[in-house]
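Undergrad: You'll find structure_39.pdb just under this line, and it carries PDB, C-alpha atoms and all ligand atoms.
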```pdb
ATOM      1  CA  MET A   1      -5.722  -3.929 -13.466
ATOM      2  CA  ILE A   2      -7.714  -2.990 -10.378
ATOM      3  CA  GLU A   3     -11.046  -1.302 -10.978
ATOM      4  CA  PHE A   4     -13.215   0.262  -8.296
ATOM      5  CA  ARG A   5     -16.767   0.614  -9.595
ATOM      6  CA  GLY A   6     -19.214   2.698  -7.596
ATOM      7  CA  LEU A   7     -17.895   1.259  -4.328
ATOM      8  CA  TYR A   8     -20.019   2.130  -1.280
ATOM      9  CA  LYS A   9     -19.227   1.103   2.280
ATOM     10  CA  GLY A  10     -20.506   2.328   5.625
ATOM     11  CA  PHE A  11     -20.379   1.163   9.226
ATOM     12  CA  GLY A  12     -23.371   1.373  11.581
ATOM     13  CA  GLY A  13     -25.283   3.592   9.179
ATOM     14  CA  ARG A  14     -22.374   6.006   8.787
ATOM     15  CA  PRO A  15     -21.136   6.144   5.181
ATOM     16  CA  VAL A  16     -17.359   5.949   4.680
ATOM     17  CA  LEU A  17     -16.874   5.229   0.968
ATOM     18  CA  ARG A  18     -19.551   6.987  -1.080
ATOM     19  CA  GLY A  19     -19.071   5.822  -4.637
ATOM     20  CA  ILE A  20     -15.437   5.151  -5.484
ATOM     21  CA  ASP A  21     -14.689   5.024  -9.204
ATOM     22  CA  LEU A  22     -11.032   4.484  -9.908
ATOM     23  CA  VAL A  23      -8.919   2.438 -12.298
ATOM     24  CA  VAL A  24      -5.398   1.425 -11.333
ATOM     25  CA  ARG A  25      -3.688   0.560 -14.595
ATOM     26  CA  GLU A  26      -1.403  -2.400 -15.228
ATOM     27  CA  GLY A  27       2.140  -1.612 -14.061
ATOM     28  CA  GLU A  28       1.191   1.718 -12.535
ATOM     29  CA  THR A  29       1.960   2.965  -9.038
ATOM     30  CA  LEU A  30      -0.936   4.985  -7.687
ATOM     31  CA  ALA A  31      -0.346   7.030  -4.538
ATOM     32  CA  LEU A  32      -3.486   7.615  -2.479
ATOM     33  CA  LEU A  33      -3.693  10.594  -0.132
ATOM     34  CA  GLY A  34      -6.525  11.591   2.171
ATOM     35  CA  PRO A  35      -7.363  12.776   5.676
ATOM     36  CA  SER A  36      -7.091  10.364   8.586
ATOM     37  CA  GLY A  37     -10.258   8.299   9.018
ATOM     38  CA  THR A  38     -11.497   8.966   5.501
ATOM     39  CA  GLY A  39     -11.495   5.318   4.411
ATOM     40  CA  LYS A  40      -8.138   4.664   2.755
ATOM     41  CA  SER A  41      -7.516   1.424   4.652
ATOM     42  CA  VAL A  42     -11.158   0.430   4.145
ATOM     43  CA  LEU A  43     -10.698   0.942   0.404
ATOM     44  CA  LEU A  44      -7.588  -1.291   0.277
ATOM     45  CA  LYS A  45      -9.261  -4.061   2.303
ATOM     46  CA  HIS A  46     -11.969  -4.379  -0.357
ATOM     47  CA  VAL A  47      -9.366  -5.331  -2.987
ATOM     48  CA  VAL A  48      -8.681  -8.664  -1.285
ATOM     49  CA  GLY A  49     -12.173  -9.238   0.100
ATOM     50  CA  LEU A  50     -11.368  -8.476   3.743
ATOM     51  CA  LEU A  51     -14.435  -6.220   3.650
ATOM     52  CA  GLU A  52     -17.581  -6.634   1.563
ATOM     53  CA  PRO A  53     -19.015  -3.654  -0.300
ATOM     54  CA  ASP A  54     -22.505  -2.376   0.553
ATOM     55  CA  ALA A  55     -22.832  -1.583  -3.147
ATOM     56  CA  GLY A  56     -20.541  -1.491  -6.144
ATOM     57  CA  ASP A  57     -17.554  -3.710  -6.724
ATOM     58  CA  VAL A  58     -13.823  -4.062  -7.124
ATOM     59  CA  LEU A  59     -12.458  -5.998 -10.086
ATOM     60  CA  VAL A  60      -8.981  -7.505  -9.942
ATOM     61  CA  ASP A  61      -7.906  -8.754 -13.361
ATOM     62  CA  GLY A  62     -11.589  -8.725 -14.221
ATOM     63  CA  VAL A  63     -12.596 -10.916 -11.232
ATOM     64  CA  SER A  64     -15.470  -9.415  -9.249
ATOM     65  CA  ILE A  65     -14.479  -9.419  -5.585
ATOM     66  CA  ALA A  66     -18.103  -8.925  -4.515
ATOM     67  CA  ARG A  67     -19.186 -12.113  -6.310
ATOM     68  CA  ALA A  68     -15.967 -14.167  -6.114
ATOM     69  CA  THR A  69     -16.122 -17.778  -4.950
ATOM     70  CA  ASP A  70     -13.763 -18.812  -2.146
ATOM     71  CA  GLU A  71     -11.442 -20.367  -4.725
ATOM     72  CA  GLU A  72     -11.407 -17.199  -6.870
ATOM     73  CA  LEU A  73     -10.712 -15.104  -3.782
ATOM     74  CA  ARG A  74      -7.810 -17.376  -2.827
ATOM     75  CA  ARG A  75      -6.388 -16.999  -6.334
ATOM     76  CA  VAL A  76      -6.677 -13.205  -6.179
ATOM     77  CA  ARG A  77      -5.028 -13.128  -2.737
ATOM     78  CA  ARG A  78      -2.072 -15.109  -4.097
ATOM     79  CA  ARG A  79      -1.511 -12.371  -6.669
ATOM     80  CA  VAL A  80      -1.827  -9.480  -4.233
ATOM     81  CA  GLY A  81       0.759  -8.601  -1.547
ATOM     82  CA  TYR A  82      -0.517  -6.494   1.334
ATOM     83  CA  VAL A  83       1.605  -4.265   3.547
ATOM     84  CA  PHE A  84      -0.733  -3.719   6.494
ATOM     85  CA  GLN A  85      -0.736  -0.405   8.325
ATOM     86  CA  ASN A  86       0.168  -2.193  11.589
ATOM     87  CA  ALA A  87       2.457  -4.861  10.006
ATOM     88  CA  ALA A  88       0.056  -7.622  11.223
ATOM     89  CA  LEU A  89       2.731 -10.242  11.920
ATOM     90  CA  PHE A  90       2.169 -13.360  14.024
ATOM     91  CA  ASP A  91       3.745 -12.541  17.392
ATOM     92  CA  SER A  92       4.226 -16.162  18.421
ATOM     93  CA  LEU A  93       6.237 -17.002  15.276
ATOM     94  CA  THR A  94       9.785 -15.976  14.400
ATOM     95  CA  VAL A  95      10.405 -13.589  11.524
ATOM     96  CA  ALA A  96      11.621 -16.570   9.429
ATOM     97  CA  GLU A  97       8.344 -18.385  10.094
ATOM     98  CA  ASN A  98       6.296 -15.267   9.359
ATOM     99  CA  LEU A  99       8.053 -14.888   6.010
ATOM    100  CA  TRP A 100       7.750 -18.594   5.272
ATOM    101  CA  LEU A 101       3.951 -18.391   5.525
ATOM    102  CA  ALA A 102       4.057 -16.093   2.492
ATOM    103  CA  GLN A 103       6.947 -17.852   0.732
ATOM    104  CA  ASP A 104       5.232 -21.231   0.944
ATOM    105  CA  ASP A 105       1.835 -19.657   0.289
ATOM    106  CA  GLY A 106       0.004 -22.127   2.525
ATOM    107  CA  ARG A 107       0.759 -25.053   0.234
ATOM    108  CA  GLY A 108       3.092 -26.832   2.637
ATOM    109  CA  SER A 109       5.480 -27.698  -0.195
ATOM    110  CA  ARG A 110       8.530 -25.856   1.200
ATOM    111  CA  SER A 111      10.231 -26.001   4.596
ATOM    112  CA  VAL A 112      11.239 -22.954   6.668
ATOM    113  CA  ALA A 113      14.896 -24.000   6.281
ATOM    114  CA  SER A 114      14.723 -24.234   2.483
ATOM    115  CA  CYS A 115      13.272 -20.705   2.359
ATOM    116  CA  ARG A 116      16.045 -19.228   4.507
ATOM    117  CA  ALA A 117      18.429 -17.971   1.803
ATOM    118  CA  GLU A 118      15.548 -16.294   0.014
ATOM    119  CA  ALA A 119      14.329 -14.828   3.329
ATOM    120  CA  ILE A 120      17.756 -13.282   3.943
ATOM    121  CA  GLU A 121      17.577 -11.659   0.512
ATOM    122  CA  LEU A 122      14.064 -10.336   1.280
ATOM    123  CA  LEU A 123      15.351  -8.796   4.520
ATOM    124  CA  ARG A 124      18.324  -7.266   2.714
ATOM    125  CA  ARG A 125      15.943  -5.439   0.399
ATOM    126  CA  VAL A 126      14.353  -3.722   3.408
ATOM    127  CA  ASN A 127      17.658  -3.018   5.148
ATOM    128  CA  LEU A 128      17.426  -5.700   7.853
ATOM    129  CA  GLU A 129      20.189  -8.028   9.060
ATOM    130  CA  PRO A 130      19.877 -11.842   8.688
ATOM    131  CA  ALA A 131      19.942 -12.161  12.517
ATOM    132  CA  VAL A 132      16.411 -10.719  12.557
ATOM    133  CA  LEU A 133      15.138 -14.024  11.093
ATOM    134  CA  ASP A 134      15.347 -15.802  14.444
ATOM    135  CA  GLN A 135      13.702 -13.028  16.444
ATOM    136  CA  ARG A 136      10.022 -12.643  17.205
ATOM    137  CA  PRO A 137       8.108  -9.494  16.213
ATOM    138  CA  GLY A 138       7.821  -8.449  19.894
ATOM    139  CA  GLU A 139      11.611  -8.161  20.098
ATOM    140  CA  LEU A 140      11.792  -5.719  17.174
ATOM    141  CA  SER A 141      11.257  -1.974  17.007
ATOM    142  CA  GLY A 142       8.108  -0.649  15.322
ATOM    143  CA  GLY A 143      10.095   0.397  12.246
ATOM    144  CA  MET A 144      11.734  -3.024  11.986
ATOM    145  CA  ARG A 145       8.360  -4.766  12.226
ATOM    146  CA  LYS A 146       7.055  -2.491   9.507
ATOM    147  CA  ARG A 147       9.914  -3.521   7.226
ATOM    148  CA  VAL A 148       9.361  -7.223   7.975
ATOM    149  CA  GLY A 149       5.753  -6.583   6.900
ATOM    150  CA  VAL A 150       7.080  -5.207   3.605
ATOM    151  CA  ALA A 151       9.405  -8.220   3.161
ATOM    152  CA  ARG A 152       6.474 -10.570   3.759
ATOM    153  CA  ALA A 153       4.280  -8.734   1.233
ATOM    154  CA  ILE A 154       6.861  -9.130  -1.543
ATOM    155  CA  ALA A 155       7.816 -12.704  -0.558
ATOM    156  CA  SER A 156       5.217 -14.350  -2.784
ATOM    157  CA  ARG A 157       6.313 -12.228  -5.810
ATOM    158  CA  PRO A 158       2.879 -10.691  -6.215
ATOM    159  CA  ALA A 159       1.671  -8.953  -9.368
ATOM    160  CA  TYR A 160      -0.112  -6.375  -7.187
ATOM    161  CA  LEU A 161       0.978  -4.663  -4.004
ATOM    162  CA  LEU A 162      -1.206  -2.745  -1.585
ATOM    163  CA  TRP A 163       0.910  -0.538   0.676
ATOM    164  CA  ASP A 164      -0.893   0.938   3.687
ATOM    165  CA  GLU A 165       1.357   3.728   4.987
ATOM    166  CA  PRO A 166       4.590   1.836   4.309
ATOM    167  CA  THR A 167       6.914   4.616   5.508
ATOM    168  CA  THR A 168       4.991   5.861   8.557
ATOM    169  CA  GLY A 169       7.211   5.557  11.625
ATOM    170  CA  LEU A 170      10.382   4.890   9.630
ATOM    171  CA  ASP A 171      13.501   7.048   9.913
ATOM    172  CA  PRO A 172      14.339   9.023   6.731
ATOM    173  CA  VAL A 173      16.959   6.530   5.512
ATOM    174  CA  ASN A 174      14.646   3.541   5.823
ATOM    175  CA  ALA A 175      11.737   5.535   4.413
ATOM    176  CA  ASP A 176      13.912   6.188   1.335
ATOM    177  CA  THR A 177      14.805   2.481   1.149
ATOM    178  CA  VAL A 178      11.119   1.576   1.048
ATOM    179  CA  ASP A 179      10.344   4.330  -1.490
ATOM    180  CA  GLU A 180      13.143   3.004  -3.716
ATOM    181  CA  LEU A 181      11.848  -0.553  -3.339
ATOM    182  CA  ILE A 182       8.366   0.515  -4.457
ATOM    183  CA  VAL A 183       9.835   2.211  -7.538
ATOM    184  CA  GLU A 184      12.109  -0.775  -8.321
ATOM    185  CA  LEU A 185       9.294  -3.302  -8.033
ATOM    186  CA  GLY A 186       7.241  -1.214 -10.421
ATOM    187  CA  GLN A 187       9.992  -0.591 -12.943
ATOM    188  CA  GLU A 188      11.831  -3.942 -12.866
ATOM    189  CA  LEU A 189       9.017  -6.372 -12.225
ATOM    190  CA  GLY A 190       6.058  -4.428 -13.547
ATOM    191  CA  VAL A 191       4.257  -4.688 -10.209
ATOM    192  CA  THR A 192       1.041  -2.661  -9.977
ATOM    193  CA  SER A 193       0.816  -0.795  -6.665
ATOM    194  CA  ILE A 194      -1.557   1.289  -4.605
ATOM    195  CA  VAL A 195       0.397   3.238  -1.993
ATOM    196  CA  VAL A 196      -1.639   4.823   0.786
ATOM    197  CA  THR A 197       0.453   7.484   2.453
ATOM    198  CA  HIS A 198       0.434  10.689   4.471
ATOM    199  CA  ASP A 199       4.011  11.283   3.370
ATOM    200  CA  LEU A 200       4.061  13.725   0.438
ATOM    201  CA  ASP A 201       7.699  12.838  -0.318
ATOM    202  CA  THR A 202       6.684   9.194  -0.761
ATOM    203  CA  ALA A 203       3.620  10.101  -2.836
ATOM    204  CA  PHE A 204       5.602  12.273  -5.234
ATOM    205  CA  GLU A 205       8.595   9.920  -5.268
ATOM    206  CA  VAL A 206       6.711   6.746  -6.176
ATOM    207  CA  GLY A 207       3.426   7.846  -7.721
ATOM    208  CA  ASP A 208       2.864   7.656 -11.477
ATOM    209  CA  ARG A 209      -0.442   9.230 -10.497
ATOM    210  CA  ILE A 210      -1.685  10.678  -7.241
ATOM    211  CA  ALA A 211      -5.270  10.353  -6.066
ATOM    212  CA  LEU A 212      -6.990  12.189  -3.235
ATOM    213  CA  LEU A 213      -9.737  10.458  -1.252
ATOM    214  CA  TYR A 214     -11.947  13.088   0.315
ATOM    215  CA  GLU A 215     -15.347  12.739   1.973
ATOM    216  CA  GLY A 216     -15.813   9.258   0.583
ATOM    217  CA  ARG A 217     -15.025  10.003  -3.060
ATOM    218  CA  ILE A 218     -11.994  10.355  -5.313
ATOM    219  CA  ARG A 219     -11.661  14.122  -5.410
ATOM    220  CA  ALA A 220      -8.762  14.155  -7.887
ATOM    221  CA  CYS A 221      -6.510  11.669  -9.668
ATOM    222  CA  ASP A 222      -3.740  12.858 -11.951
ATOM    223  CA  THR A 223      -0.004  12.947 -12.612
ATOM    224  CA  PRO A 224       2.130  14.590  -9.907
ATOM    225  CA  PRO A 225       2.783  17.818 -11.864
ATOM    226  CA  ARG A 226      -0.909  18.225 -12.670
ATOM    227  CA  ILE A 227      -1.937  17.514  -9.078
ATOM    228  CA  LEU A 228       0.498  20.225  -7.937
ATOM    229  CA  GLU A 229      -1.104  22.678 -10.338
ATOM    230  CA  SER A 230      -4.704  21.656  -9.541
ATOM    231  CA  PRO A 231      -7.043  24.641  -9.189
ATOM    232  CA  ASP A 232      -9.090  22.716  -6.582
ATOM    233  CA  PRO A 233      -8.525  24.360  -3.161
ATOM    234  CA  ILE A 234      -9.092  21.025  -1.371
ATOM    235  CA  VAL A 235      -6.338  19.404  -3.440
ATOM    236  CA  GLN A 236      -4.119  22.400  -2.815
ATOM    237  CA  ARG A 237      -4.575  22.008   0.943
ATOM    238  CA  PHE A 238      -3.034  18.541   0.661
ATOM    239  CA  VAL A 239      -0.095  19.365  -1.578
ATOM    240  CA  ARG A 240       0.680  22.885  -0.360
ATOM    241  CA  ARG A 241       3.735  21.814   1.634
ATOM    242  CA  ARG A 242       5.117  19.997  -1.391
ATOM    243  CA  ARG A 243       4.486  23.056  -3.567
ATOM    244  CA  ALA A 244       6.308  25.215  -1.068
ATOM    245  CA  ALA A 245       9.318  22.912  -1.308
ATOM    246  CA  ASP A 246       9.248  22.632  -5.119
ATOM    247  CA  VAL A 247       8.319  25.995  -6.484
ATOM    248  CA  PRO A 248      11.111  28.567  -6.640
ATOM    249  CA  GLY A 249       9.955  31.682  -4.874
ATOM    250  CA  GLY A 250       7.228  29.702  -3.097
ATOM    251  CA  PRO A 251       6.500  30.210   0.613
ATOM    252  CA  SER A 252       9.572  28.303   1.821
ATOM    253  CA  ALA A 253      11.875  30.360  -0.391
ATOM    254  CA  ALA A 254      10.267  33.518   0.995
ATOM    255  CA  ALA A 255      10.811  32.260   4.534
ATOM    256  CA  PHE A 256      14.501  31.632   3.890
ATOM    257  CA  PRO A 257      15.631  34.484   1.648
ATOM    258  CA  GLY A 258      19.079  34.421   0.109
TER     259      GLY A 258
HETATM  260  N1  LIG B   1     -14.288  -2.893  10.669
HETATM  261  C1  LIG B   1     -14.787  -1.680  10.957
HETATM  262  N2  LIG B   1     -15.903  -1.544  11.693
HETATM  263  C2  LIG B   1     -16.425  -0.327  11.963
HETATM  264  N3  LIG B   1     -15.888   0.835  11.522
HETATM  265  C3  LIG B   1     -14.780   0.756  10.779
HETATM  266  C4  LIG B   1     -14.176  -0.499  10.456
HETATM  267  N4  LIG B   1     -13.077  -0.261   9.705
HETATM  268  C5  LIG B   1     -13.010   1.076   9.561
HETATM  269  N5  LIG B   1     -14.014   1.691  10.203
HETATM  270  C6  LIG B   1     -14.272   3.141  10.222
HETATM  271  O1  LIG B   1     -14.178   3.625   8.881
HETATM  272  C7  LIG B   1     -13.569   4.913   8.853
HETATM  273  C8  LIG B   1     -12.393   4.896   7.915
HETATM  274  O2  LIG B   1     -11.367   4.071   8.473
HETATM  275  P1  LIG B   1      -9.981   3.826   7.765
HETATM  276  O3  LIG B   1      -9.215   2.941   8.676
HETATM  277  O4  LIG B   1     -10.190   3.341   6.380
HETATM  278  O5  LIG B   1      -9.356   5.288   7.716
HETATM  279  P2  LIG B   1      -7.977   5.751   7.036
HETATM  280  O6  LIG B   1      -8.307   6.706   5.931
HETATM  281  O7  LIG B   1      -7.191   4.551   6.679
HETATM  282  O8  LIG B   1      -7.305   6.574   8.237
HETATM  283  P3  LIG B   1      -5.761   6.668   8.712
HETATM  284  O9  LIG B   1      -5.112   7.626   7.758
HETATM  285  O10 LIG B   1      -5.863   7.211  10.084
HETATM  286  O11 LIG B   1      -5.184   5.290   8.657
HETATM  287  C9  LIG B   1     -13.212   5.238  10.302
HETATM  288  O12 LIG B   1     -14.202   6.064  10.819
HETATM  289  C10 LIG B   1     -13.213   3.898  10.986
HETATM  290  O13 LIG B   1     -13.569   4.019  12.333
HETATM  291 MG    MG B   2      -5.494   3.716   7.430
END
```
For this file, write the structure as structure tokens.

TA:
Amino acid sequence: MIEFRGLYKGFGGRPVLRGIDLVVREGETLALLGPSGTGKSVLLKHVVGLLEPDAGDVLVDGVSIARATDEELRRVRRRVGYVFQNAALFDSLTVAENLWLAQDDGRGSRSVASCRAEAIELLRRVNLEPAVLDQRPGELSGGMRKRVGVARAIASRPAYLLWDEPTTGLDPVNADTVDELIVELGQELGVTSIVVTHDLDTAFEVGDRIALLYEGRIRACDTPPRILESPDPIVQRFVRRRRAADVPGGPSAAAFPG
């Protein structure tokens, strides 16, 4: 379980997160929507201690990230896979070596070669050919790098996954592949996920619940059908396009009669 408790964070006197209270339940996939620059990435970074709260806390399996020792933080990081918004791969290493860093988990007990078969399987899950293993991130397209970032995040078989815009920049087929992977990991392995996304299809496809971060607070958090029916006009602004697609006789149906 991941619990945000009154989390505050600002930069240079400008508040970004203004009291986040949110519980991500065991085994749940929570989709997080919100305007650009509202603090979604900042929120995720607190879960693994990449940023320190100004006030409040995040608890991962009951461990306070604000007060964690280095050893506790290392243990939490081993349990949490992170798909960074910009993939964040090491450019000087091959894809195989990038994956190995997660597969070996910094323990130095496995060689790159012994991880290769498993690495090929990881790449298969994100629709990439084995040949990609011997390339460097700079030789790949943005969408391919993104998918290597996903493969790396799942390489250590984490109990938790933080996905920062996992389908942004992917073509529709690969976006679907990643959506399906998120659902599979949740259903088959019981992985608990937070999925930050601007993609309403992804949010509604993968989310057991959908939360909206707005002006530094969680404005709404509920099941997809209840979010769609929310009376809050701010929530409606975010899901309107989805409503138009879903609701018979909604705006899109009116635009395309017959
Ligand atoms: N390390 C940092 N130092 C200073 N300001 C930061 C830092 N990280 C984030 N910010 C600021 O915090 C705000 C929220 O940033 P964040 O990256 O979390 O937005 P976001 O919701 O993820 O946006 P997007 O949807 O565009 O990715 C922005 O104004 C950003 O400039
Ligand atoms: Mg972001």

Undergrad: Give me the residues near A:Gln187 as a list in words, where near means some atom within 12 Å (using all atoms listed in the file) and where sequence neighbours in that chain fewer than 2 positions away do not count.

TA: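 Result of the neighbour search: Glu26, Gly27, Glu28, Thr29, Glu180, Leu181, Ile182, Val183, Glu184, Leu185, Leu189, Gly190, Val191, Thr192, Ser193, Val206, Gly207 and Asp208 of chain A.
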
Undergrad: Output the neighbourhood of ligand LIG 1 (chain B) as a PDB file with C-alpha atoms, in the frame of the given file, that is, all protein and nucleic acid residues with some atom at most 9 Å from the ligand, counting all atoms listed in the file.

TA:
```
ATOM      1  CA  LYS A   9     -19.227   1.103   2.280  1.00  0.00           C
ATOM      2  CA  GLY A  10     -20.506   2.328   5.625  1.00  0.00           C
ATOM      3  CA  PHE A  11     -20.379   1.163   9.226  1.00  0.00           C
ATOM      4  CA  GLY A  12     -23.371   1.373  11.581  1.00  0.00           C
ATOM      5  CA  ARG A  14     -22.374   6.006   8.787  1.00  0.00           C
ATOM      6  CA  PRO A  15     -21.136   6.144   5.181  1.00  0.00           C
ATOM      7  CA  VAL A  16     -17.359   5.949   4.680  1.00  0.00           C
ATOM      8  CA  LEU A  17     -16.874   5.229   0.968  1.00  0.00           C
ATOM      9  CA  LEU A  33      -3.693  10.594  -0.132  1.00  0.00           C
ATOM     10  CA  GLY A  34      -6.525  11.591   2.171  1.00  0.00           C
ATOM     11  CA  PRO A  35      -7.363  12.776   5.676  1.00  0.00           C
ATOM     12  CA  SER A  36      -7.091  10.364   8.586  1.00  0.00           C
ATOM     13  CA  GLY A  37     -10.258   8.299   9.018  1.00  0.00           C
ATOM     14  CA  THR A  38     -11.497   8.966   5.501  1.00  0.00           C
ATOM     15  CA  GLY A  39     -11.495   5.318   4.411  1.00  0.00           C
ATOM     16  CA  LYS A  40      -8.138   4.664   2.755  1.00  0.00           C
ATOM     17  CA  SER A  41      -7.516   1.424   4.652  1.00  0.00           C
ATOM     18  CA  VAL A  42     -11.158   0.430   4.145  1.00  0.00           C
ATOM     19  CA  LEU A  43     -10.698   0.942   0.404  1.00  0.00           C
ATOM     20  CA  LEU A  44      -7.588  -1.291   0.277  1.00  0.00           C
ATOM     21  CA  LYS A  45      -9.261  -4.061   2.303  1.00  0.00           C
ATOM     22  CA  LEU A  51     -14.435  -6.220   3.650  1.00  0.00           C
ATOM     23  CA  GLN A  85      -0.736  -0.405   8.325  1.00  0.00           C
ATOM     24  CA  ASP A 164      -0.893   0.938   3.687  1.00  0.00           C
ATOM     25  CA  GLU A 165       1.357   3.728   4.987  1.00  0.00           C
ATOM     26  CA  VAL A 196      -1.639   4.823   0.786  1.00  0.00           C
ATOM     27  CA  THR A 197       0.453   7.484   2.453  1.00  0.00           C
ATOM     28  CA  HIS A 198       0.434  10.689   4.471  1.00  0.00           C
ATOM     29  CA  LEU A 213      -9.737  10.458  -1.252  1.00  0.00           C
TER      30      LEU A 213
END
```

Undergrad: Can you give me, as a PyMOL selection string, the residues this file yields under the PyMOL selection byres (((chain A and resi 163) around 7) and not hetatm)?

TA: chain A and resi 82-84+161-162+164-166+194-196

Undergrad: With all atoms listed in the file as the counted atoms, please give the residues lying no more than 8 Å from A:Leu89, apart from itself and same-chain residues fewer than 2 positions off, as JSON, numbers by chain.

TA: {"A": [87, 91, 98, 137, 145, 149]}

Undergrad: Which value, in Å to one decimal, gives the distance between atom CA of A:Asp179 and atom CA of A:Leu140?

TA: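 Here the two named atoms are 21.2 Å from each other.
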
Undergrad: Can you list what the PyMOL selection byres (((chain A and resi 101) around 10) and not hetatm) grabs from this structure, as a ChimeraX atom specification?

TA: /A:96-100,102-108,110-112,152,155-156

Undergrad: Can you tell me, as a list in words, which residues sit within 12 Å of (-3.2, -13.6, -8.0) in the file's frame, using all atoms listed in the file?

TA: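 Residues found, by chain and rising number: Met1, Ile2, Val47, Val48, Val60, Asp61, Gly62, Val63, Glu71, Glu72, Leu73, Arg74, Arg75, Val76, Arg77, Arg78, Arg79, Val80, Gly81, Asp105, Ser156, Arg157, Pro158, Ala159, Tyr160, Leu161, Val191 and Thr192 of chain A.
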
Undergrad: What do you get, as number ranges by chain, if you spell out every residue that the PyMOL selection byres (((chain A and resi 223) around 12) and not hetatm) selects here?

TA: A: 28-32, 203-212, 220-222, 224-230

Undergrad: I need the residue nearest ligand MG 2 (chain B) from this list: A:Glu129, A:Arg240, A:Thr168, A:Pro231. Use all atoms listed in the file for the distance.

TA: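 Closest candidate: A:Thr168.
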
Undergrad: Which residue out of A:Asn86, A:Arg242, A:Leu7, A:Asp57 has the minimum interatomic distance to ligand MG 2 (chain B) when only C-alpha atoms and all ligand atoms are used?

TA: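 Nearest to ligand MG 2 (chain B): A:Asn86.
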
Undergrad: To one decimal place in Å, what is the distance between atom CA of A:Asn174 and atom CA of A:Leu122?

TA: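 One can read the atom CA of A:Asn174 to atom CA of A:Leu122 distance as 14.6 Å.
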